[in-house]
Amino acid sequence: MAKPTKQQTEPQHNPSINLKGTLIAVMLLGVFILATWFGCYYLFLSR
Amino acid sequence: MMNPLKIAKKDARLYMSFMYVTFAALLVGGLMGLLQTLARSGKFTLPFGINYYTILTVHGVILGLVLTTFFIIGFQFALMGKTVGISDKQRKTGWWSFWLMLAGTVMAAITILVGQANVLYTFYAPLRAHPAFYIGLALVIVGSWVAVFTNFHQLYVWKKANKGQKSPLLAFMVVINMAMWFIASLGVAASVLIQFIPWSLGYAETINVLLSRTLFWYFGHPLVYFWLLPAYMAWYAIIPKIIGGKLFSDSLARMSFILLLMFSIPVGFHHQLTEPGIDPTWKFIQVVLTFMVVIPTLMTAFSIFATFETTGRRKGHKGLFGWFKHLPWKDVRFLAPFIGMVAFIPGGAGGIVNASHQMNSLIHNTIWVTGHFHLTVATTVILTYFGIAYWLVPHLTGRRLTPRLNKLGIIQAIIWTVGMTIMSTAMHIQGLLGGPRRSNFSNYAGGEQVQTWIGYQAAQAIGGTILFIGIVLMVYIFIQLAFFAPKGVEEFPIAEEEVDAEPTPKVLENWYLWIGITIALILFAYTIPVFDILKHSPPGSVPFDWPIGRQ
Amino acid sequence: MHLHKFEKIWLVFGMGSLALFLVIIGFAAFWKGTHPQSHIEIIDPENVEAHESFKPENLGLREVAEGKYIVNIVASAFNYDFGTDTDGKPVKKIRVPKGSTVLFQITTKDVVHGFQVAGTNVNMMVEPGHVSRLETEMKNVGEFTVVCNEYCGIGHHQMFATVEVYE
Ligand code: HEM
Ligand SMILES: [Cu+2]
Ligand SMILES: [Cu+2]
């Protein structure tokens, strides 16, 4: 998909954005989902 | 990038008509919600001998079906008008859709209010409402179809005039949502027209209950995505502008909408997991497909945070979370949708639990489910709609969101957050303890378990009261924005792409491909199980009027 | 279309979690047989007595083997028919010992009902024309309220019974 232009834009585009905060935020979200799910699964098994 | 168009007065009138109905519905439906929580606390009885299930039907129909559909169609018309334009003829069909939907709404509402349709908004057979209820609902759907085809035509005309250009992102998103809505509502329309109306009129003696439920839920899950997608439109393409940033990625936004289109429909069985007549293997297959529809939401979450972070960093905010601290917290056009996004974290996590096949029996039809969708639709979706209304309404009426109204909006959002946190948390816990949904106050057989439930119901009444205050405030703000706020110009915020953005792949606009895959997935997920349902049909069910209090 | 490196990490993590959930519930369902109830057995809703399990004399609790029970129930608005006791009074409460295996079988004569033994995993839709069936081990001691959790009409909230699990 759109190979040639990709090469032109990537060098200026990609490194310029620092998304560390985003990564941490979404990972926290992921951990919350895992905790919720396993919590409920535990309750389900205990009944 | 195309320059957005100007919205003419006569177009604004159409879009505003949908908004009037939306906020009238909010007030009426909200009052019912308050009464429900009060009745369920056990401390109040409903006045004038009103039946609990009458108001619950009003609440579900008016908020779940009417408010949402009117807001969405009005908002989407505004988006189309702004990005691709509307012709005189299209405006006329727009009015047709409005009047058809309004006529249907009034018809259904009257039938419910006179006690002839205490069947709740899901109208499960073989409970039978008065035929006018089903006919009213059918009119609402047909009216919405007129809007569907008007929107399709708007994009088509634009495409012809702008050969080779990619469609504006928001117009693309509207067309995705309408395509999904049309394909999905065919199911419920078939059920209402072929099964319910003849049966309620007495032309057909019996009804196939399981088939009617399957057709309903074929529609019911995409229905909730039909509510959600306009919120996603705002998150992807409007909020970035409000916070002073740019689109994160045009292609990713389109990709996630395409995935939502494909995977929102072939998943209705996740609402039927505990039903006796469906093969469990097919239930599981639809569970897997349901999990697929989580993926575009994971993409959306990343994209939102990334927009915030990129914008903040570009403005020079340093540190890991400096960008977060400097978001425009005092701008209600941002704050209300932001709270909506936060509510989607527990909402979404709960949704994954609900869809988890056998684990569904932990929460099925408990008040947990009500807690779940008051987070998703009644917080995530509705607060984003409010966030849109704060600029859309004054933009259409030629007024301004004054600092005072902005402040009231912020108070509104906080009230909503407090009220919903209390009500929804209490519902989630009570549900895990087995408390049923859709139930008036009851001591059942007494005992400790029931006492615990009643305690949580009292908490829900407190949350519900706070929420109702929020509704009154919101309606006040709406009236101000529509009729009294000072004249002026309010921006219609649409985010732009980065100057050096990657071009969007052409394949993303290949409608034949995406709709083709969508239909293929539906056929895969439903053909064999529906065939089984028909093959193993029990004797049909005759209608029942008396258990719902109809004479 | 390119993805940021962190987005790839996030999607792999997120999709991995979803896959993990599916593997767990899929394994439990297909290998351990904990599917949600789905028996695809049909019945004439206007003549449920024709079915062996729902003959009036077969309703209610019955011990079929050491620690193994069957409970047959007919739902109708707004009542669960658990049969009658020796005095001819309708049964509203059943008692089973902890650790016993109980098979609940239920059908409806009229509209759709729910059947949930609140606080356990027994939670089924009951639909006219179908037999709902779920076997479970009663792991915990206590009094559990049976509630109808699918709206069935104006008396919906008055439709209940009790299951007591004793030591
Ligand atoms: C004042 C705010 C609100 C309050 C106090 C409230 C309260 C409630 C309560 C207590 C129930 C469950 C009753 C039962 O299961 O017996 C309920 C159901 C429901 N609510 Fe709300 N709600 C509010 C706002 C909303 C909003 C804004 C929406 C949608 C946009 C909404 C949509 C629904 C729907 C669809 C149902 C399901 C009805 C049914 O099960 O038939 N609610 N609400
Ligand atoms: Cu769903
Ligand atoms: Cu019921």
# chains A, B, ... in the order shown; residues from 1 in each chain; ligands from 1
$ residues_near_ligand --ligand "ligand 1" --cutoff "6 Å" --atoms "only C-alpha atoms and all ligand atoms" --output "count of residues only"
22
$ interface_residues --of "chain A" --to "chain B" --cutoff "6 Å" --atoms "only C-alpha atoms" --output "PyMOL selection string"
chain A and resi 21-22+33+37
$ residues_near_ligand --ligand "ligand 2" --cutoff "12 Å" --atoms "only C-alpha atoms and all ligand atoms" --output "CSV table (one decimal) with N, CA, C and O atoms, in the first residue's frame"
chain,number,residue,atom,x,y,z
B,216,PHE,N,-33.9,-9.9,16.2
B,216,PHE,CA,-33.8,-8.7,17.0
B,216,PHE,C,-32.3,-8.5,17.3
B,216,PHE,O,-31.8,-7.4,17.2
B,217,TRP,N,-31.6,-9.5,17.8
B,217,TRP,CA,-30.2,-9.3,18.2
B,217,TRP,C,-29.2,-9.2,17.1
B,217,TRP,O,-28.1,-8.7,17.2
B,218,TYR,N,-29.7,-9.7,15.9
B,218,TYR,CA,-28.9,-9.4,14.7
B,218,TYR,C,-28.8,-7.9,14.5
B,218,TYR,O,-27.8,-7.4,14.0
B,219,PHE,N,-29.9,-7.2,14.9
B,219,PHE,CA,-29.9,-5.8,14.8
B,219,PHE,C,-29.4,-5.1,16.1
B,219,PHE,O,-28.7,-4.1,16.1
B,220,GLY,N,-29.6,-5.8,17.2
B,220,GLY,CA,-29.4,-5.2,18.5
B,220,GLY,C,-27.9,-4.9,18.8
B,220,GLY,O,-27.6,-3.8,19.4
B,221,HIS,N,-27.0,-5.7,18.4
B,221,HIS,CA,-25.6,-5.3,18.7
B,221,HIS,C,-25.1,-4.2,17.8
B,221,HIS,O,-24.6,-3.2,18.3
B,222,PRO,N,-25.3,-4.3,16.5
B,222,PRO,CA,-24.9,-3.2,15.6
B,222,PRO,C,-25.6,-1.9,16.1
B,222,PRO,O,-25.1,-0.8,15.9
B,223,LEU,N,-26.8,-2.0,16.7
B,223,LEU,CA,-27.5,-0.8,17.2
B,223,LEU,C,-26.6,-0.1,18.2
B,223,LEU,O,-26.4,1.1,18.1
B,224,VAL,N,-25.9,-0.8,19.1
B,224,VAL,CA,-25.1,-0.1,20.0
B,224,VAL,C,-23.8,0.5,19.4
B,224,VAL,O,-23.3,1.5,19.8
B,225,TYR,N,-23.4,-0.1,18.3
B,225,TYR,CA,-22.3,0.5,17.5
B,225,TYR,C,-22.7,1.7,16.7
B,225,TYR,O,-22.0,2.6,16.5
B,226,PHE,N,-24.0,1.7,16.3
B,226,PHE,CA,-24.6,2.8,15.6
B,226,PHE,C,-24.6,4.0,16.6
B,226,PHE,O,-24.4,5.2,16.2
B,227,TRP,N,-24.8,3.8,17.9
B,227,TRP,CA,-24.7,4.9,18.9
B,227,TRP,C,-23.2,5.3,19.0
B,227,TRP,O,-22.9,6.5,19.2
B,228,LEU,N,-22.3,4.3,19.0
B,228,LEU,CA,-20.9,4.6,19.4
B,228,LEU,C,-20.2,5.3,18.3
B,228,LEU,O,-19.3,6.2,18.5
B,263,PHE,N,-17.2,-6.2,11.7
B,263,PHE,CA,-17.4,-7.1,12.8
B,263,PHE,C,-18.5,-6.7,13.8
B,263,PHE,O,-18.7,-7.4,14.8
B,264,SER,N,-19.3,-5.6,13.5
B,264,SER,CA,-20.3,-5.2,14.4
B,264,SER,C,-21.6,-6.1,14.2
B,264,SER,O,-22.4,-6.2,15.1
B,265,ILE,N,-21.8,-6.7,13.1
B,265,ILE,CA,-23.0,-7.3,12.8
B,265,ILE,C,-23.0,-8.8,13.1
B,265,ILE,O,-24.0,-9.3,13.7
B,266,PRO,N,-22.0,-9.6,12.7
B,266,PRO,CA,-22.2,-11.1,12.8
B,266,PRO,C,-21.9,-11.5,14.3
B,266,PRO,O,-21.2,-12.5,14.5
B,267,VAL,N,-22.4,-10.8,15.3
B,267,VAL,CA,-22.1,-11.1,16.6
B,267,VAL,C,-23.3,-11.1,17.6
B,267,VAL,O,-23.1,-11.2,18.8
B,268,GLY,N,-24.5,-11.1,17.0
B,268,GLY,CA,-25.7,-10.9,17.9
B,268,GLY,C,-25.9,-12.1,18.9
B,268,GLY,O,-26.5,-11.9,19.9
B,269,PHE,N,-25.3,-13.2,18.6
B,269,PHE,CA,-25.5,-14.3,19.6
B,269,PHE,C,-24.9,-14.0,20.9
B,269,PHE,O,-25.2,-14.7,21.9
B,270,HIS,N,-24.0,-13.1,21.0
B,270,HIS,CA,-23.5,-12.8,22.4
B,270,HIS,C,-24.5,-12.2,23.3
B,270,HIS,O,-24.3,-12.1,24.5
B,271,HIS,N,-25.7,-11.9,22.7
B,271,HIS,CA,-26.8,-11.5,23.6
B,271,HIS,C,-27.7,-12.7,23.9
B,271,HIS,O,-28.7,-12.5,24.6
B,272,GLN,N,-27.4,-13.8,23.2
B,272,GLN,CA,-28.3,-14.9,23.3
B,272,GLN,C,-27.6,-16.1,23.9
B,272,GLN,O,-28.0,-17.3,23.7
B,273,LEU,N,-26.5,-15.9,24.6
B,273,LEU,CA,-25.6,-17.0,25.0
B,273,LEU,C,-26.3,-18.0,26.0
B,273,LEU,O,-26.0,-19.2,25.9
B,286,GLN,N,-19.5,-16.8,17.2
B,286,GLN,CA,-19.9,-15.4,17.3
B,286,GLN,C,-19.2,-14.7,18.4
B,286,GLN,O,-18.9,-13.5,18.4
B,287,VAL,N,-18.8,-15.4,19.5
B,287,VAL,CA,-18.0,-14.9,20.5
B,287,VAL,C,-16.6,-14.4,20.0
B,287,VAL,O,-16.1,-13.4,20.2
B,289,LEU,N,-15.9,-13.7,16.9
B,289,LEU,CA,-16.1,-12.5,16.1
B,289,LEU,C,-16.3,-11.2,16.9
B,289,LEU,O,-15.9,-10.1,16.6
B,290,THR,N,-17.0,-11.4,18.1
B,290,THR,CA,-17.2,-10.3,19.0
B,290,THR,C,-15.9,-9.8,19.5
B,290,THR,O,-15.6,-8.6,19.6
B,291,PHE,N,-15.0,-10.7,19.8
B,291,PHE,CA,-13.7,-10.2,20.2
B,291,PHE,C,-12.9,-9.5,19.1
B,291,PHE,O,-12.1,-8.6,19.4
B,293,VAL,N,-14.2,-7.4,17.2
B,293,VAL,CA,-14.7,-6.0,17.1
B,293,VAL,C,-14.0,-5.2,18.2
B,293,VAL,O,-14.1,-3.9,18.2
B,294,VAL,N,-13.3,-5.8,19.1
B,294,VAL,CA,-12.6,-5.0,20.2
B,294,VAL,C,-11.4,-4.4,19.5
B,294,VAL,O,-10.9,-3.3,20.0
B,348,GLY,N,-15.8,-0.9,28.5
B,348,GLY,CA,-15.3,-1.8,27.5
B,348,GLY,C,-14.8,-3.1,28.2
B,348,GLY,O,-15.1,-4.2,27.7
B,350,GLY,N,-15.9,-4.3,30.9
B,350,GLY,CA,-17.1,-5.1,31.3
B,350,GLY,C,-17.7,-5.8,30.1
B,350,GLY,O,-18.2,-6.9,30.2
B,351,GLY,N,-17.7,-5.1,29.0
B,351,GLY,CA,-18.2,-5.7,27.7
B,351,GLY,C,-17.5,-7.0,27.4
B,351,GLY,O,-18.2,-7.9,26.9
B,352,ILE,N,-16.2,-7.0,27.6
B,352,ILE,CA,-15.5,-8.2,27.2
B,352,ILE,C,-15.9,-9.4,28.1
B,352,ILE,O,-16.1,-10.5,27.7
B,353,VAL,N,-16.1,-9.0,29.4
B,353,VAL,CA,-16.6,-10.1,30.3
B,353,VAL,C,-18.0,-10.6,29.9
B,353,VAL,O,-18.2,-11.8,29.8
B,354,ASN,N,-18.9,-9.7,29.5
B,354,ASN,CA,-20.2,-10.0,29.1
B,354,ASN,C,-20.2,-11.0,27.9
B,354,ASN,O,-21.0,-11.9,27.8
B,355,ALA,N,-19.3,-10.8,27.0
B,355,ALA,CA,-19.2,-11.6,25.8
B,355,ALA,C,-18.5,-12.9,25.9
B,355,ALA,O,-18.4,-13.7,25.0
B,356,SER,N,-18.0,-13.2,27.1
B,356,SER,CA,-17.1,-14.3,27.3
B,356,SER,C,-17.9,-15.7,27.5
B,356,SER,O,-17.7,-16.4,28.5
B,360,ASN,N,-20.8,-15.5,30.6
B,360,ASN,CA,-22.0,-14.7,30.5
B,360,ASN,C,-23.0,-15.0,31.6
B,360,ASN,O,-23.8,-14.1,32.0
B,369,VAL,N,-25.7,-5.6,33.9
B,369,VAL,CA,-25.8,-5.3,32.4
B,369,VAL,C,-26.3,-3.8,32.3
B,369,VAL,O,-25.8,-3.0,31.5
B,372,HIS,N,-23.5,-1.6,33.1
B,372,HIS,CA,-22.6,-1.6,31.9
B,372,HIS,C,-23.1,-0.6,30.8
B,372,HIS,O,-22.3,0.2,30.4
B,373,PHE,N,-24.4,-0.7,30.4
B,373,PHE,CA,-24.7,0.2,29.3
B,373,PHE,C,-25.0,1.6,29.8
B,373,PHE,O,-25.1,2.5,28.9
B,376,THR,N,-21.6,2.8,29.0
B,376,THR,CA,-21.2,2.9,27.6
B,376,THR,C,-22.1,3.9,26.9
B,376,THR,O,-21.7,4.9,26.4
B,377,VAL,N,-23.4,3.6,26.9
B,377,VAL,CA,-24.3,4.5,26.1
B,377,VAL,C,-24.6,5.8,26.9
B,377,VAL,O,-24.5,6.9,26.4
$ closest_residue --among "C:Pro97, C:Gly142, C:Gly67, C:Pro56" --to "chain A" --atoms "only C-alpha atoms"
C:Gly142
$ closest_residue --among "C:Cys148, C:Ala65, C:Met125, C:Ala118" --to "chain A" --atoms "only C-alpha atoms"
C:Ala118
$ residues_near_ligand --ligand "ligand 3" --cutoff "8 Å" --atoms "only C-alpha atoms and all ligand atoms" --output "mmCIF file with all heavy atoms, in the first residue's frame"
data_model
loop_
_atom_site.group_PDB
_atom_site.id
_atom_site.type_symbol
_atom_site.label_atom_id
_atom_site.label_comp_id
_atom_site.auth_asym_id
_atom_site.auth_seq_id
_atom_site.Cartn_x
_atom_site.Cartn_y
_atom_site.Cartn_z
ATOM 1 N N ALA C 77 -46.415 -17.168 33.932
ATOM 2 C CA ALA C 77 -46.539 -15.846 34.560
ATOM 3 C C ALA C 77 -47.457 -15.963 35.782
ATOM 4 O O ALA C 77 -48.599 -16.322 35.625
ATOM 5 C CB ALA C 77 -47.129 -14.857 33.555
ATOM 6 N N PHE C 78 -47.052 -15.700 36.948
ATOM 7 C CA PHE C 78 -45.751 -15.311 37.457
ATOM 8 C C PHE C 78 -45.362 -16.294 38.537
ATOM 9 O O PHE C 78 -45.377 -15.974 39.717
ATOM 10 C CB PHE C 78 -45.843 -13.891 38.039
ATOM 11 C CG PHE C 78 -46.398 -12.910 37.031
ATOM 12 C CD1 PHE C 78 -47.722 -12.478 37.099
ATOM 13 C CD2 PHE C 78 -45.601 -12.457 35.974
ATOM 14 C CE1 PHE C 78 -48.234 -11.593 36.151
ATOM 15 C CE2 PHE C 78 -46.119 -11.559 35.040
ATOM 16 C CZ PHE C 78 -47.437 -11.129 35.116
ATOM 17 N N VAL C 112 -41.672 -15.705 27.562
ATOM 18 C CA VAL C 112 -40.272 -15.938 27.903
ATOM 19 C C VAL C 112 -40.045 -15.576 29.378
ATOM 20 O O VAL C 112 -40.553 -14.568 29.860
ATOM 21 C CB VAL C 112 -39.358 -15.078 27.007
ATOM 22 C CG1 VAL C 112 -37.891 -15.239 27.410
ATOM 23 C CG2 VAL C 112 -39.538 -15.439 25.545
ATOM 24 N N HIS C 113 -39.329 -16.441 30.082
ATOM 25 C CA HIS C 113 -38.934 -16.143 31.455
ATOM 26 C C HIS C 113 -37.430 -16.339 31.590
ATOM 27 O O HIS C 113 -36.762 -16.862 30.700
ATOM 28 C CB HIS C 113 -39.626 -17.092 32.442
ATOM 29 C CG HIS C 113 -41.116 -16.948 32.458
ATOM 30 N ND1 HIS C 113 -41.758 -15.991 33.193
ATOM 31 C CD2 HIS C 113 -42.082 -17.648 31.813
ATOM 32 C CE1 HIS C 113 -43.075 -16.100 33.009
ATOM 33 N NE2 HIS C 113 -43.297 -17.098 32.169
ATOM 34 N N GLY C 114 -36.941 -15.926 32.762
ATOM 35 C CA GLY C 114 -35.562 -16.235 33.098
ATOM 36 C C GLY C 114 -35.559 -17.193 34.269
ATOM 37 O O GLY C 114 -36.580 -17.372 34.948
ATOM 38 N N VAL C 147 -34.601 -16.109 40.919
ATOM 39 C CA VAL C 147 -35.359 -14.994 40.367
ATOM 40 C C VAL C 147 -35.615 -15.195 38.892
ATOM 41 O O VAL C 147 -34.808 -15.766 38.172
ATOM 42 C CB VAL C 147 -34.638 -13.638 40.547
ATOM 43 C CG1 VAL C 147 -34.696 -13.168 41.974
ATOM 44 C CG2 VAL C 147 -33.217 -13.695 40.043
ATOM 45 N N CYS C 148 -36.767 -14.680 38.482
ATOM 46 C CA CYS C 148 -37.019 -14.567 37.054
ATOM 47 C C CYS C 148 -36.296 -13.309 36.622
ATOM 48 O O CYS C 148 -36.593 -12.225 37.090
ATOM 49 C CB CYS C 148 -38.510 -14.442 36.769
ATOM 50 S SG CYS C 148 -38.833 -14.211 35.009
ATOM 51 N N ASN C 149 -35.320 -13.457 35.725
ATOM 52 C CA ASN C 149 -34.554 -12.271 35.320
ATOM 53 C C ASN C 149 -34.806 -11.883 33.876
ATOM 54 O O ASN C 149 -34.041 -11.133 33.295
ATOM 55 C CB ASN C 149 -33.065 -12.455 35.612
ATOM 56 C CG ASN C 149 -32.450 -13.563 34.790
ATOM 57 O OD1 ASN C 149 -33.091 -14.094 33.884
ATOM 58 N ND2 ASN C 149 -31.224 -13.912 35.093
ATOM 59 N N GLU C 150 -35.891 -12.400 33.297
ATOM 60 C CA GLU C 150 -36.310 -11.852 32.004
ATOM 61 C C GLU C 150 -37.730 -11.353 32.149
ATOM 62 O O GLU C 150 -38.600 -12.071 32.653
ATOM 63 C CB GLU C 150 -36.223 -12.896 30.889
ATOM 64 C CG GLU C 150 -36.587 -12.344 29.507
ATOM 65 C CD GLU C 150 -35.759 -11.128 29.110
ATOM 66 O OE1 GLU C 150 -34.669 -11.294 28.525
ATOM 67 O OE2 GLU C 150 -36.206 -9.995 29.401
ATOM 68 N N TYR C 151 -37.941 -10.115 31.725
ATOM 69 C CA TYR C 151 -39.245 -9.487 31.881
ATOM 70 C C TYR C 151 -40.349 -10.356 31.281
ATOM 71 O O TYR C 151 -40.277 -10.782 30.133
ATOM 72 C CB TYR C 151 -39.237 -8.122 31.193
ATOM 73 C CG TYR C 151 -40.584 -7.467 31.185
ATOM 74 C CD1 TYR C 151 -41.174 -7.053 32.383
ATOM 75 C CD2 TYR C 151 -41.282 -7.271 30.007
ATOM 76 C CE1 TYR C 151 -42.421 -6.452 32.390
ATOM 77 C CE2 TYR C 151 -42.522 -6.664 30.003
ATOM 78 C CZ TYR C 151 -43.084 -6.260 31.199
ATOM 79 O OH TYR C 151 -44.316 -5.676 31.193
ATOM 80 N N CYS C 152 -41.390 -10.614 32.094
ATOM 81 C CA CYS C 152 -42.449 -11.505 31.636
ATOM 82 C C CYS C 152 -43.830 -10.902 31.865
ATOM 83 O O CYS C 152 -44.837 -11.570 31.698
ATOM 84 C CB CYS C 152 -42.323 -12.855 32.329
ATOM 85 S SG CYS C 152 -42.299 -12.721 34.115
ATOM 86 N N GLY C 153 -43.868 -9.624 32.278
ATOM 87 C CA GLY C 153 -45.165 -9.002 32.502
ATOM 88 C C GLY C 153 -45.173 -8.258 33.825
ATOM 89 O O GLY C 153 -44.158 -8.205 34.528
ATOM 90 N N GLY C 155 -46.140 -8.741 36.740
ATOM 91 C CA GLY C 155 -45.813 -9.378 38.010
ATOM 92 C C GLY C 155 -44.424 -9.994 38.005
ATOM 93 O O GLY C 155 -44.082 -10.792 38.883
ATOM 94 N N HIS C 156 -43.636 -9.608 37.056
ATOM 95 C CA HIS C 156 -42.303 -10.190 36.850
ATOM 96 C C HIS C 156 -41.466 -10.246 38.130
ATOM 97 O O HIS C 156 -40.801 -11.246 38.413
ATOM 98 C CB HIS C 156 -41.609 -9.361 35.766
ATOM 99 C CG HIS C 156 -40.143 -9.523 35.677
ATOM 100 N ND1 HIS C 156 -39.549 -10.752 35.464
ATOM 101 C CD2 HIS C 156 -39.140 -8.623 35.761
ATOM 102 C CE1 HIS C 156 -38.226 -10.578 35.423
ATOM 103 N NE2 HIS C 156 -37.964 -9.303 35.612
ATOM 104 N N HIS C 157 -41.513 -9.182 38.910
ATOM 105 C CA HIS C 157 -40.674 -9.119 40.118
ATOM 106 C C HIS C 157 -41.253 -9.938 41.265
ATOM 107 O O HIS C 157 -40.709 -9.934 42.361
ATOM 108 C CB HIS C 157 -40.491 -7.663 40.537
ATOM 109 C CG HIS C 157 -41.790 -6.925 40.685
ATOM 110 N ND1 HIS C 157 -42.569 -6.591 39.596
ATOM 111 C CD2 HIS C 157 -42.449 -6.497 41.772
ATOM 112 C CE1 HIS C 157 -43.659 -5.977 40.027
ATOM 113 N NE2 HIS C 157 -43.612 -5.909 41.338
ATOM 114 N N GLN C 158 -42.414 -10.585 41.023
ATOM 115 C CA GLN C 158 -42.986 -11.419 42.085
ATOM 116 C C GLN C 158 -42.808 -12.895 41.778
ATOM 117 O O GLN C 158 -43.456 -13.753 42.365
ATOM 118 C CB GLN C 158 -44.468 -11.082 42.259
ATOM 119 C CG GLN C 158 -44.651 -9.848 43.112
ATOM 120 C CD GLN C 158 -45.763 -8.970 42.603
ATOM 121 O OE1 GLN C 158 -46.534 -9.354 41.725
ATOM 122 N NE2 GLN C 158 -45.848 -7.770 43.138
ATOM 123 N N MET C 159 -41.906 -13.178 40.889
ATOM 124 C CA MET C 159 -41.709 -14.556 40.456
ATOM 125 C C MET C 159 -40.387 -15.052 41.032
ATOM 126 O O MET C 159 -39.319 -14.636 40.587
ATOM 127 C CB MET C 159 -41.672 -14.559 38.920
ATOM 128 C CG MET C 159 -41.739 -15.912 38.314
ATOM 129 S SD MET C 159 -42.170 -15.765 36.589
ATOM 130 C CE MET C 159 -41.654 -17.375 36.044
#
$ closest_atom_pairs --of "chain C" --to "chain A" --cutoff "9 Å" --atoms "only C-alpha atoms" --output "Markdown table"
| residue | atom | partner | partner_atom | distance |
| --- | --- | --- | --- | --- |
| C:Met1 | CA | A:Met1 | CA | 6.5 |
| C:His2 | CA | A:Lys6 | CA | 7.9 |
| C:His4 | CA | A:Asn14 | CA | 7.3 |
| C:Phe6 | CA | A:Leu23 | CA | 6.1 |
| C:Glu7 | CA | A:Leu23 | CA | 7.6 |
| C:Ile9 | CA | A:Leu23 | CA | 8.4 |
| C:Trp10 | CA | A:Met27 | CA | 7.0 |
| C:Phe13 | CA | A:Gly30 | CA | 7.8 |
| C:Gly14 | CA | A:Gly30 | CA | 6.5 |
| C:Ser17 | CA | A:Leu34 | CA | 7.2 |
| C:Phe21 | CA | A:Trp37 | CA | 8.2 |
| C:Gly119 | CA | A:Arg47 | CA | 7.2 |
| C:Thr120 | CA | A:Arg47 | CA | 5.2 |
| C:Asn121 | CA | A:Arg47 | CA | 6.1 |
| C:Glu137 | CA | A:Arg47 | CA | 8.7 |
| C:Met138 | CA | A:Arg47 | CA | 7.9 |
| C:Lys139 | CA | A:Arg47 | CA | 6.4 |
| C:Asn140 | CA | A:Arg47 | CA | 7.1 |
$ residues_around --residues "Glu164 of chain C" --least-positions-apart "4" --cutoff "7 Å" --atoms "only C-alpha atoms" --output "PyMOL selection string"
chain C and resi 94-96+142-144
$ write_last_selection --atoms "C-alpha atoms" --output "PDB file, in the first residue's frame"
ATOM      1  CA  ILE C  94     -35.826 -26.788  47.757  1.00  0.00           C
ATOM      2  CA  ARG C  95     -32.896 -28.006  49.849  1.00  0.00           C
ATOM      3  CA  VAL C  96     -29.806 -29.881  48.690  1.00  0.00           C
ATOM      4  CA  GLY C 142     -26.369 -20.624  51.755  1.00  0.00           C
ATOM      5  CA  GLU C 143     -29.847 -19.536  50.795  1.00  0.00           C
ATOM      6  CA  PHE C 144     -29.994 -18.568  47.148  1.00  0.00           C
TER       7      PHE C 144
END
$ residues_around --residues "Thr108 of chain C" --least-positions-apart "2" --cutoff "7 Å" --atoms "only C-alpha atoms" --output "mmCIF file with C-alpha atoms, in the first residue's frame"
data_model
loop_
_atom_site.group_PDB
_atom_site.id
_atom_site.type_symbol
_atom_site.label_atom_id
_atom_site.label_comp_id
_atom_site.auth_asym_id
_atom_site.auth_seq_id
_atom_site.Cartn_x
_atom_site.Cartn_y
_atom_site.Cartn_z
ATOM 1 C CA PRO C 45 -45.620 -24.980 24.950
ATOM 2 C CA VAL C 74 -42.582 -25.322 34.820
ATOM 3 C CA ALA C 75 -42.537 -21.530 34.575
ATOM 4 C CA SER C 76 -45.587 -19.435 33.835
ATOM 5 C CA ASP C 110 -46.550 -18.950 28.138
ATOM 6 C CA VAL C 111 -44.045 -16.119 27.605
ATOM 7 C CA VAL C 126 -36.586 -20.060 29.405
ATOM 8 C CA GLU C 127 -38.397 -19.800 26.088
ATOM 9 C CA PRO C 128 -41.693 -21.214 24.915
#
